[in-house]
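Have a look at data.txt; it's compact mmCIF, C-alpha atoms and all ligand atoms:
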```
# COMPACT_ATOMS: atom_id res chain seq x y z
CA MET X 1 139.62 104.17 130.12
CA GLY X 2 143.20 102.82 129.83
CA HIS X 3 146.36 104.88 129.53
CA LEU X 4 146.23 106.91 126.33
CA SER X 5 148.99 106.36 123.79
CA THR X 6 150.37 108.69 121.14
CA LEU X 7 148.36 106.60 118.66
CA SER X 8 145.12 107.18 120.62
CA ILE X 9 145.81 110.93 120.51
CA ARG X 10 146.46 110.79 116.74
CA LYS X 11 143.25 108.87 116.17
CA MET X 12 141.20 111.57 117.92
CA LYS X 13 141.79 114.00 115.04
CA GLY X 14 138.49 114.68 113.31
CA HIS X 15 136.54 112.67 115.91
CA SER X 16 136.82 114.33 119.31
CA LYS X 17 138.55 117.45 120.56
CA ILE X 18 141.77 116.70 122.46
CA VAL X 19 141.88 118.23 125.93
CA CYS X 20 145.36 119.21 127.14
CA THR X 21 146.68 120.96 130.21
CA THR X 22 149.92 121.31 132.12
CA ALA X 23 150.94 119.85 135.48
CA TYR X 24 154.13 120.25 137.47
CA ASP X 25 153.45 118.02 140.49
CA PHE X 26 151.68 114.88 141.64
CA GLY X 27 148.59 116.66 143.02
CA MET X 28 147.67 118.72 139.95
CA ALA X 29 148.38 115.78 137.62
CA THR X 30 146.06 113.55 139.67
CA LEU X 31 143.26 116.16 139.64
CA ALA X 32 143.56 116.84 135.89
CA ASP X 33 143.63 113.14 135.13
CA GLN X 34 140.64 112.34 137.32
CA ALA X 35 138.74 115.09 135.48
CA GLY X 36 139.39 113.29 132.17
CA VAL X 37 142.10 115.42 130.55
CA ASP X 38 143.65 113.56 127.56
CA LEU X 39 147.19 114.95 127.58
CA ILE X 40 149.25 116.39 130.43
CA LEU X 41 152.26 118.50 129.55
CA VAL X 42 155.01 119.02 132.09
CA GLY X 43 155.72 122.40 130.54
CA ASP X 44 158.89 124.38 131.07
CA SER X 45 156.42 127.09 132.11
CA LEU X 46 157.14 125.51 135.50
CA GLY X 47 160.08 127.92 135.62
CA MET X 48 157.68 130.86 135.82
CA ILE X 49 154.72 129.22 137.54
CA MET X 50 156.42 127.06 140.16
CA LEU X 51 159.87 128.61 140.49
CA GLY X 52 159.21 132.34 140.04
CA TYR X 53 161.52 133.02 137.09
CA GLN X 54 160.60 135.76 134.56
CA THR X 55 160.90 133.41 131.55
CA THR X 56 161.30 129.70 130.78
CA VAL X 57 164.97 130.20 129.83
CA PRO X 58 166.52 129.30 133.25
CA VAL X 59 164.80 125.89 133.30
CA THR X 60 167.23 122.95 133.19
CA VAL X 61 166.95 119.23 132.40
CA GLU X 62 167.45 118.54 136.12
CA MET X 63 164.43 120.71 137.04
CA MET X 64 162.32 118.98 134.39
CA VAL X 65 163.32 115.54 135.69
CA HIS X 66 162.39 116.53 139.25
CA HIS X 67 158.90 117.81 138.35
CA ALA X 68 158.20 115.27 135.60
CA SER X 69 158.95 112.37 137.96
CA ALA X 70 156.33 113.69 140.38
CA VAL X 71 153.75 114.04 137.58
CA CYS X 72 154.46 110.53 136.30
CA ARG X 73 154.02 109.12 139.81
CA ALA X 74 150.36 110.09 139.43
CA LYS X 75 150.05 107.10 137.02
CA THR X 76 147.56 108.94 134.87
CA ASN X 77 145.30 107.72 132.09
CA ALA X 78 146.37 110.86 130.26
CA LEU X 79 149.40 110.83 127.98
CA VAL X 80 152.28 112.61 129.74
CA VAL X 81 154.56 114.81 127.62
CA ILE X 82 157.70 116.53 128.93
CA ASP X 83 159.08 119.79 127.56
CA VAL X 84 162.66 119.76 126.34
CA PRO X 85 164.05 122.89 128.02
CA PHE X 86 165.98 125.84 126.63
CA ALA X 87 168.81 125.16 124.15
CA VAL X 88 168.88 121.39 124.75
CA ALA X 89 167.50 120.54 121.27
CA SER X 90 170.15 122.81 119.70
CA HIS X 91 172.94 121.01 121.55
CA SER X 92 174.51 117.84 120.17
CA PHE X 93 172.11 115.04 119.28
CA ASP X 94 173.64 112.79 121.96
CA TYR X 95 172.98 115.41 124.64
CA LEU X 96 169.36 115.76 123.49
CA LEU X 97 168.85 111.99 123.31
CA ASP X 98 170.31 111.65 126.80
CA ALA X 99 167.82 114.20 128.17
CA CYS X 100 164.90 112.49 126.38
CA SER X 101 166.03 109.07 127.64
CA ARG X 102 166.02 110.41 131.20
CA PHE X 103 162.48 111.78 130.70
CA MET X 104 161.24 108.42 129.45
CA GLN X 105 163.32 105.97 131.52
CA GLU X 106 163.85 107.83 134.79
CA CYS X 107 160.59 109.83 134.95
CA GLY X 108 158.29 107.49 133.01
CA ALA X 109 157.11 110.01 130.40
CA ASP X 110 155.30 108.97 127.23
CA ALA X 111 156.69 111.65 124.91
CA VAL X 112 158.64 114.91 124.72
CA LYS X 113 157.85 118.33 123.25
CA ILE X 114 160.36 120.40 121.31
CA GLU X 115 159.93 124.12 120.55
CA GLY X 116 160.76 124.87 116.93
CA GLY X 117 159.64 124.43 113.34
CA GLU X 118 161.16 122.99 110.17
CA GLU X 119 164.71 123.70 111.38
CA PHE X 120 164.24 120.92 113.96
CA ALA X 121 162.66 118.40 111.58
CA PRO X 122 165.90 116.40 110.98
CA THR X 123 166.56 116.24 114.75
CA ILE X 124 162.99 115.16 115.46
CA ALA X 125 163.18 112.48 112.76
CA ARG X 126 166.29 111.06 114.47
CA LEU X 127 164.59 111.10 117.88
CA VAL X 128 161.53 109.32 116.48
CA ASP X 129 163.82 106.74 114.86
CA ALA X 130 165.40 106.22 118.29
CA GLY X 131 161.94 105.53 119.77
CA VAL X 132 161.18 108.92 121.31
CA PRO X 133 157.67 110.22 120.47
CA VAL X 134 157.72 113.97 119.81
CA MET X 135 155.10 116.71 120.02
CA GLY X 136 156.04 119.71 117.84
CA HIS X 137 155.62 123.34 118.94
CA THR X 138 155.18 126.20 116.44
CA GLY X 139 154.02 129.82 116.48
CA LEU X 140 155.19 131.69 119.55
CA LEU X 141 158.21 129.92 121.02
CA PRO X 142 158.65 131.22 124.59
CA GLN X 143 162.21 129.85 124.75
CA ARG X 144 163.10 132.49 122.12
CA SER X 145 161.62 135.35 124.14
CA TYR X 146 165.03 137.04 124.54
CA VAL X 147 165.49 137.03 120.75
CA LEU X 148 161.92 138.21 120.12
CA GLY X 149 162.08 140.84 122.85
CA GLY X 150 158.81 139.57 124.34
CA TYR X 151 155.73 137.58 123.36
CA ARG X 152 153.59 138.29 120.30
CA ARG X 153 151.06 136.71 117.94
CA PHE X 154 152.36 134.88 114.82
CA GLY X 155 150.98 134.44 111.31
CA LYS X 156 149.96 138.04 110.63
CA THR X 157 151.93 138.40 107.39
CA PRO X 158 151.75 136.07 104.33
CA GLU X 159 155.43 135.17 104.94
CA GLU X 160 154.75 134.11 108.53
CA LYS X 161 151.70 132.11 107.46
CA GLU X 162 153.76 130.30 104.80
CA GLN X 163 156.47 129.61 107.39
CA LEU X 164 153.91 128.16 109.79
CA LEU X 165 152.56 125.90 107.03
CA ARG X 166 156.09 124.72 106.23
CA ASP X 167 156.70 124.16 109.95
CA VAL X 168 153.65 121.98 110.63
CA ARG X 169 154.15 119.98 107.42
CA SER X 170 157.82 119.30 108.11
CA LEU X 171 157.12 118.38 111.74
CA GLU X 172 154.53 115.84 110.61
CA LYS X 173 156.93 114.49 107.97
CA ALA X 174 159.61 114.13 110.66
CA GLY X 175 157.23 111.91 112.63
CA ALA X 176 155.75 114.25 115.26
CA PHE X 177 152.56 112.63 116.63
CA CYS X 178 150.91 116.04 117.10
CA VAL X 179 151.80 119.73 116.84
CA LEU X 180 151.11 122.46 119.37
CA THR X 181 150.66 125.93 117.91
CA GLU X 182 150.85 128.92 120.24
CA MET X 183 149.47 132.46 119.81
CA ILE X 184 148.81 132.33 116.08
CA CYS X 185 146.19 134.34 114.18
CA HIS X 186 142.93 132.49 114.65
CA ASP X 187 141.90 132.78 111.00
CA ILE X 188 144.80 130.63 109.77
CA ALA X 189 144.39 127.78 112.29
CA HIS X 190 142.05 125.78 110.03
CA GLU X 191 144.62 125.91 107.20
CA LEU X 192 147.34 124.59 109.49
CA ARG X 193 144.97 121.93 110.84
CA ASP X 194 143.99 120.79 107.35
CA ALA X 195 147.59 120.79 106.13
CA ILE X 196 148.50 117.84 108.38
CA THR X 197 147.03 114.45 109.26
CA VAL X 198 148.25 114.57 112.89
CA PRO X 199 146.36 116.67 115.46
CA LEU X 200 146.96 120.41 115.72
CA ILE X 201 146.63 121.52 119.35
CA GLY X 202 146.10 125.23 119.91
CA ILE X 203 146.94 127.56 122.77
CA GLY X 204 145.74 131.07 122.05
CA ALA X 205 145.05 129.84 118.52
CA GLY X 206 141.24 129.95 118.34
CA GLN X 207 138.54 127.34 117.86
CA ASP X 208 139.67 125.63 114.67
CA CYS X 209 142.31 123.33 116.16
CA ASP X 210 141.92 119.61 116.83
CA GLY X 211 142.46 120.21 120.53
CA GLN X 212 143.18 122.88 123.11
CA MET X 213 145.92 123.44 125.67
CA LEU X 214 145.55 125.68 128.74
CA VAL X 215 148.04 126.05 131.57
CA SER X 216 146.52 124.38 134.65
CA THR X 217 147.18 127.27 137.03
CA ASP X 218 145.71 129.78 134.54
CA LEU X 219 142.47 127.83 134.23
CA THR X 220 142.13 127.18 137.97
CA GLY X 221 143.07 130.72 139.03
CA LEU X 222 146.27 129.71 140.82
CA THR X 223 148.79 131.59 138.66
CA GLN X 224 150.66 134.22 140.68
CA GLY X 225 151.72 136.66 137.98
CA PRO X 226 150.63 137.65 134.48
CA VAL X 227 148.08 135.42 132.75
CA PRO X 228 147.81 135.49 128.92
CA SER X 229 144.75 137.35 127.61
CA PHE X 230 143.47 134.23 125.80
CA ALA X 231 143.39 132.07 128.96
CA LYS X 232 139.94 131.38 130.42
CA ARG X 233 139.65 131.01 134.18
CA TYR X 234 137.22 128.24 135.19
CA ALA X 235 137.76 128.62 138.95
CA ASN X 236 139.35 131.03 141.37
CA LEU X 237 141.29 128.68 143.62
CA GLY X 238 143.90 131.36 144.33
CA ASP X 239 141.37 133.53 146.16
CA GLU X 240 139.95 130.44 147.93
CA ALA X 241 143.44 129.47 149.14
CA LYS X 242 144.12 133.03 150.36
CA ARG X 243 140.81 132.95 152.28
CA ALA X 244 141.78 129.62 153.88
CA PHE X 245 145.25 130.89 154.93
CA ALA X 246 143.73 134.07 156.40
CA ALA X 247 141.07 132.10 158.32
CA TYR X 248 143.75 129.73 159.67
CA ALA X 249 146.01 132.65 160.72
CA LYS X 250 143.10 134.37 162.49
CA GLU X 251 142.11 131.21 164.40
CA VAL X 252 145.68 130.51 165.49
CA ARG X 253 146.16 134.11 166.69
CA GLU X 254 142.86 134.09 168.53
CA GLY X 255 143.49 130.70 170.14
CA ILE X 256 140.56 129.07 168.32
CA PHE X 257 142.64 126.48 166.49
CA PRO X 258 143.56 123.91 167.67
CA GLU X 259 140.59 123.32 169.92
CA LYS X 260 141.21 122.86 173.64
CA THR X 261 142.10 119.29 174.44
CA VAL X 262 139.43 117.80 176.67
CA LYS X 263 141.05 115.80 179.47
CA ILE X 264 139.30 112.49 180.02
CA GLU X 265 139.56 111.43 183.66
CA LYS X 266 140.75 107.87 184.01
CA LYS X 267 138.53 105.73 186.24
CA PRO X 268 140.44 104.29 189.21
O1 LIG V 1 155.53 125.19 128.92
C1 LIG V 1 154.34 125.31 128.64
O2 LIG V 1 153.46 125.40 129.51
C2 LIG V 1 153.98 125.37 127.24
C3 LIG V 1 152.65 125.96 126.91
C4 LIG V 1 152.63 126.47 125.52
C5 LIG V 1 151.55 125.02 127.12
O3 LIG V 1 154.72 124.96 126.40
```

Will you turn the file into structure tokens for me?
Amino acid sequence: MGHLSTLSIRKMKGHSKIVCTTAYDFGMATLADQAGVDLILVGDSLGMIMLGYQTTVPVTVEMMVHHASAVCRAKTNALVVIDVPFAVASHSFDYLLDACSRFMQECGADAVKIEGGEEFAPTIARLVDAGVPVMGHTGLLPQRSYVLGGYRRFGKTPEEKEQLLRDVRSLEKAGAFCVLTEMICHDIAHELRDAITVPLIGIGAGQDCDGQMLVSTDLTGLTQGPVPSFAKRYANLGDEAKRAFAAYAKEVREGIFPEKTVKIEKKP
């Protein structure tokens, strides 16, 4: 399989489910890619998962460049998408374009992701015109957690459902190659999916999306901190790693590791 393009991802809609995860470094990107993941997101969740912040708000362009460069060095078959961090898309267009250019030219990313709905459609249209492929992001927008006062599910009221429909439609019209929707009511996902011709990727959005996203450390059991209730854990590598560290510490303290060096007598 060759490197997937934004067009290959678009063409998967209605044919095969699109498998997406996050990666923040070379190692995880290599493992996810070798396992056949279609799309790797260098999410700004790296602020919480890799850097220990409480939210994604402190994440900067510089941090994204550092981690995204490592992911792109994995030379994956998967499409690599980089999150535009907090407030950058609301800054001047030149500032946003400069950040996106760094992600594509300096890191080697294939596309960017922007949190926001129809209010960002004109900005996204300009980015696409400038040659920057964009993944939209609707529903829960973690970068607005301070405004929301926390995380919650979206689409419960008719007004919110209508807003979500306007969001996905305007993102497609602006040229987004796919739209991620986070923590929405599961029973409206099929309406959002059918409202657009580009793929709808869900995270905490139920079965009816064209693809699924799960944070890599949530699915492998490596997240140190709260894990969303919708995340499924497919392995418990965190416990395995703790066992390995404890076994190593015990052997060092007991003089078992490293093994005694056997002196080989030199023949005269
Ligand atoms: O930063 C992130 O990990 C995200 C998730 C919604 C996948 O945007």

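Taking CA of Ala189 (chain X) as the reference point, CA of Leu140 (chain X) is found at 13.6 Å.
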
Problem set entry | Contacts of ligand LIG 1 (chain V), 8 Å or closer, all atoms listed in the file, given as a VMD selection string | chain X and resid 21 to 22 41 to 46 56 83 113 115 137 141 to 142 180 to 182 203 213 to 215

Listed atoms of region 117-136 of chain X boxed axis-aligned with 4 Å per side, centre + edges as JSON:
```
{"center_x": 160.8, "center_y": 115.0, "center_z": 115.7, "size_x": 19.5, "size_y": 26.9, "size_z": 19.1}
```

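Nearest residue to Ala87 (chain X) among X:Gly255, X:Gly52, X:Pro58, X:Gly155 is X:Pro58, counting all atoms listed in the file.
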
For this session: Using all atoms listed in the file, find the one residue out of X:Cys178, X:Ala78, X:Leu148, X:Ala195 that sits nearest to Arg166 (chain X).
Result: X:Ala195

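Each of X:Gly149, X:Asn77, X:Lys267, X:Val179 was checked against Val112 (chain X) using only C-alpha atoms; the smallest atom-to-atom distance is that of X:Val179.
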
Exercise. What's the 9 Å shell around Leu97 (chain X), counting all atoms listed in the file, without same-chain residues fewer than 5 positions away, as a PyMOL selection string?
Worked result: chain X and resi 89+92+102+127+130+132

Some atoms are missing, so please complete region 28-58 of chain X with N, CA and C atoms and return it as a PDB file, in the frame of the given file.
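So part-v2.pdb came out as:
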```
ATOM      1  N   MET X  28     148.387 118.137 141.088  1.00  0.00           N
ATOM      2  CA  MET X  28     147.670 118.720 139.950  1.00  0.00           C
ATOM      3  C   MET X  28     147.486 117.676 138.844  1.00  0.00           C
ATOM      4  N   ALA X  29     148.493 116.819 138.653  1.00  0.00           N
ATOM      5  CA  ALA X  29     148.380 115.780 137.620  1.00  0.00           C
ATOM      6  C   ALA X  29     147.237 114.827 137.963  1.00  0.00           C
ATOM      7  N   THR X  30     147.120 114.466 139.246  1.00  0.00           N
ATOM      8  CA  THR X  30     146.060 113.550 139.670  1.00  0.00           C
ATOM      9  C   THR X  30     144.690 114.198 139.424  1.00  0.00           C
ATOM     10  N   LEU X  31     144.550 115.471 139.800  1.00  0.00           N
ATOM     11  CA  LEU X  31     143.260 116.160 139.640  1.00  0.00           C
ATOM     12  C   LEU X  31     142.883 116.268 138.159  1.00  0.00           C
ATOM     13  N   ALA X  32     143.851 116.678 137.322  1.00  0.00           N
ATOM     14  CA  ALA X  32     143.560 116.840 135.890  1.00  0.00           C
ATOM     15  C   ALA X  32     143.178 115.497 135.282  1.00  0.00           C
ATOM     16  N   ASP X  33     143.899 114.459 135.685  1.00  0.00           N
ATOM     17  CA  ASP X  33     143.630 113.140 135.130  1.00  0.00           C
ATOM     18  C   ASP X  33     142.255 112.631 135.549  1.00  0.00           C
ATOM     19  N   GLN X  34     141.941 112.818 136.837  1.00  0.00           N
ATOM     20  CA  GLN X  34     140.640 112.340 137.320  1.00  0.00           C
ATOM     21  C   GLN X  34     139.493 113.084 136.632  1.00  0.00           C
ATOM     22  N   ALA X  35     139.772 114.305 136.167  1.00  0.00           N
ATOM     23  CA  ALA X  35     138.740 115.090 135.480  1.00  0.00           C
ATOM     24  C   ALA X  35     138.639 114.703 133.994  1.00  0.00           C
ATOM     25  N   GLY X  36     139.513 113.813 133.536  1.00  0.00           N
ATOM     26  CA  GLY X  36     139.390 113.290 132.170  1.00  0.00           C
ATOM     27  C   GLY X  36     140.196 114.019 131.114  1.00  0.00           C
ATOM     28  N   VAL X  37     141.213 114.764 131.525  1.00  0.00           N
ATOM     29  CA  VAL X  37     142.100 115.420 130.550  1.00  0.00           C
ATOM     30  C   VAL X  37     142.832 114.338 129.738  1.00  0.00           C
ATOM     31  N   ASP X  38     143.027 114.577 128.432  1.00  0.00           N
ATOM     32  CA  ASP X  38     143.650 113.560 127.560  1.00  0.00           C
ATOM     33  C   ASP X  38     145.170 113.597 127.586  1.00  0.00           C
ATOM     34  N   LEU X  39     145.724 114.807 127.679  1.00  0.00           N
ATOM     35  CA  LEU X  39     147.190 114.950 127.580  1.00  0.00           C
ATOM     36  C   LEU X  39     147.675 115.935 128.636  1.00  0.00           C
ATOM     37  N   ILE X  40     148.662 115.513 129.411  1.00  0.00           N
ATOM     38  CA  ILE X  40     149.250 116.390 130.430  1.00  0.00           C
ATOM     39  C   ILE X  40     150.674 116.722 130.013  1.00  0.00           C
ATOM     40  N   LEU X  41     150.922 118.031 129.903  1.00  0.00           N
ATOM     41  CA  LEU X  41     152.260 118.500 129.550  1.00  0.00           C
ATOM     42  C   LEU X  41     152.971 118.983 130.810  1.00  0.00           C
ATOM     43  N   VAL X  42     154.157 118.432 131.061  1.00  0.00           N
ATOM     44  CA  VAL X  42     155.010 119.020 132.090  1.00  0.00           C
ATOM     45  C   VAL X  42     155.776 120.120 131.351  1.00  0.00           C
ATOM     46  N   GLY X  43     155.176 121.301 131.335  1.00  0.00           N
ATOM     47  CA  GLY X  43     155.720 122.400 130.540  1.00  0.00           C
ATOM     48  C   GLY X  43     156.904 123.045 131.246  1.00  0.00           C
ATOM     49  N   ASP X  44     157.793 123.629 130.435  1.00  0.00           N
ATOM     50  CA  ASP X  44     158.890 124.380 131.070  1.00  0.00           C
ATOM     51  C   ASP X  44     158.357 125.701 131.629  1.00  0.00           C
ATOM     52  N   SER X  45     157.064 125.964 131.425  1.00  0.00           N
ATOM     53  CA  SER X  45     156.420 127.090 132.110  1.00  0.00           C
ATOM     54  C   SER X  45     156.534 126.914 133.621  1.00  0.00           C
ATOM     55  N   LEU X  46     156.934 125.727 134.060  1.00  0.00           N
ATOM     56  CA  LEU X  46     157.140 125.510 135.500  1.00  0.00           C
ATOM     57  C   LEU X  46     158.164 126.498 136.049  1.00  0.00           C
ATOM     58  N   GLY X  47     159.079 126.944 135.178  1.00  0.00           N
ATOM     59  CA  GLY X  47     160.080 127.920 135.620  1.00  0.00           C
ATOM     60  C   GLY X  47     159.417 129.196 136.121  1.00  0.00           C
ATOM     61  N   MET X  48     158.369 129.628 135.432  1.00  0.00           N
ATOM     62  CA  MET X  48     157.680 130.860 135.820  1.00  0.00           C
ATOM     63  C   MET X  48     156.630 130.567 136.901  1.00  0.00           C
ATOM     64  N   ILE X  49     155.884 129.476 136.684  1.00  0.00           N
ATOM     65  CA  ILE X  49     154.720 129.220 137.540  1.00  0.00           C
ATOM     66  C   ILE X  49     155.107 128.647 138.905  1.00  0.00           C
ATOM     67  N   MET X  50     156.059 127.713 138.900  1.00  0.00           N
ATOM     68  CA  MET X  50     156.420 127.060 140.160  1.00  0.00           C
ATOM     69  C   MET X  50     157.665 127.658 140.796  1.00  0.00           C
ATOM     70  N   LEU X  51     158.562 128.206 139.966  1.00  0.00           N
ATOM     71  CA  LEU X  51     159.870 128.610 140.490  1.00  0.00           C
ATOM     72  C   LEU X  51     160.088 130.120 140.506  1.00  0.00           C
ATOM     73  N   GLY X  52     159.153 130.874 139.939  1.00  0.00           N
ATOM     74  CA  GLY X  52     159.210 132.340 140.040  1.00  0.00           C
ATOM     75  C   GLY X  52     160.179 133.042 139.113  1.00  0.00           C
ATOM     76  N   TYR X  53     160.661 132.338 138.068  1.00  0.00           N
ATOM     77  CA  TYR X  53     161.520 133.020 137.090  1.00  0.00           C
ATOM     78  C   TYR X  53     160.660 133.896 136.172  1.00  0.00           C
ATOM     79  N   GLN X  54     161.318 134.850 135.465  1.00  0.00           N
ATOM     80  CA  GLN X  54     160.600 135.760 134.560  1.00  0.00           C
ATOM     81  C   GLN X  54     160.269 135.089 133.223  1.00  0.00           C
ATOM     82  N   THR X  55     161.095 134.107 132.836  1.00  0.00           N
ATOM     83  CA  THR X  55     160.900 133.410 131.550  1.00  0.00           C
ATOM     84  C   THR X  55     161.157 131.918 131.772  1.00  0.00           C
ATOM     85  N   THR X  56     161.033 131.148 130.681  1.00  0.00           N
ATOM     86  CA  THR X  56     161.300 129.700 130.780  1.00  0.00           C
ATOM     87  C   THR X  56     162.789 129.394 130.553  1.00  0.00           C
ATOM     88  N   VAL X  57     163.557 130.406 130.202  1.00  0.00           N
ATOM     89  CA  VAL X  57     164.970 130.200 129.830  1.00  0.00           C
ATOM     90  C   VAL X  57     165.815 129.552 130.945  1.00  0.00           C
ATOM     91  N   PRO X  58     165.650 129.910 132.217  1.00  0.00           N
ATOM     92  CA  PRO X  58     166.520 129.300 133.250  1.00  0.00           C
ATOM     93  C   PRO X  58     166.231 127.816 133.543  1.00  0.00           C
TER      94      PRO X  58
END
```
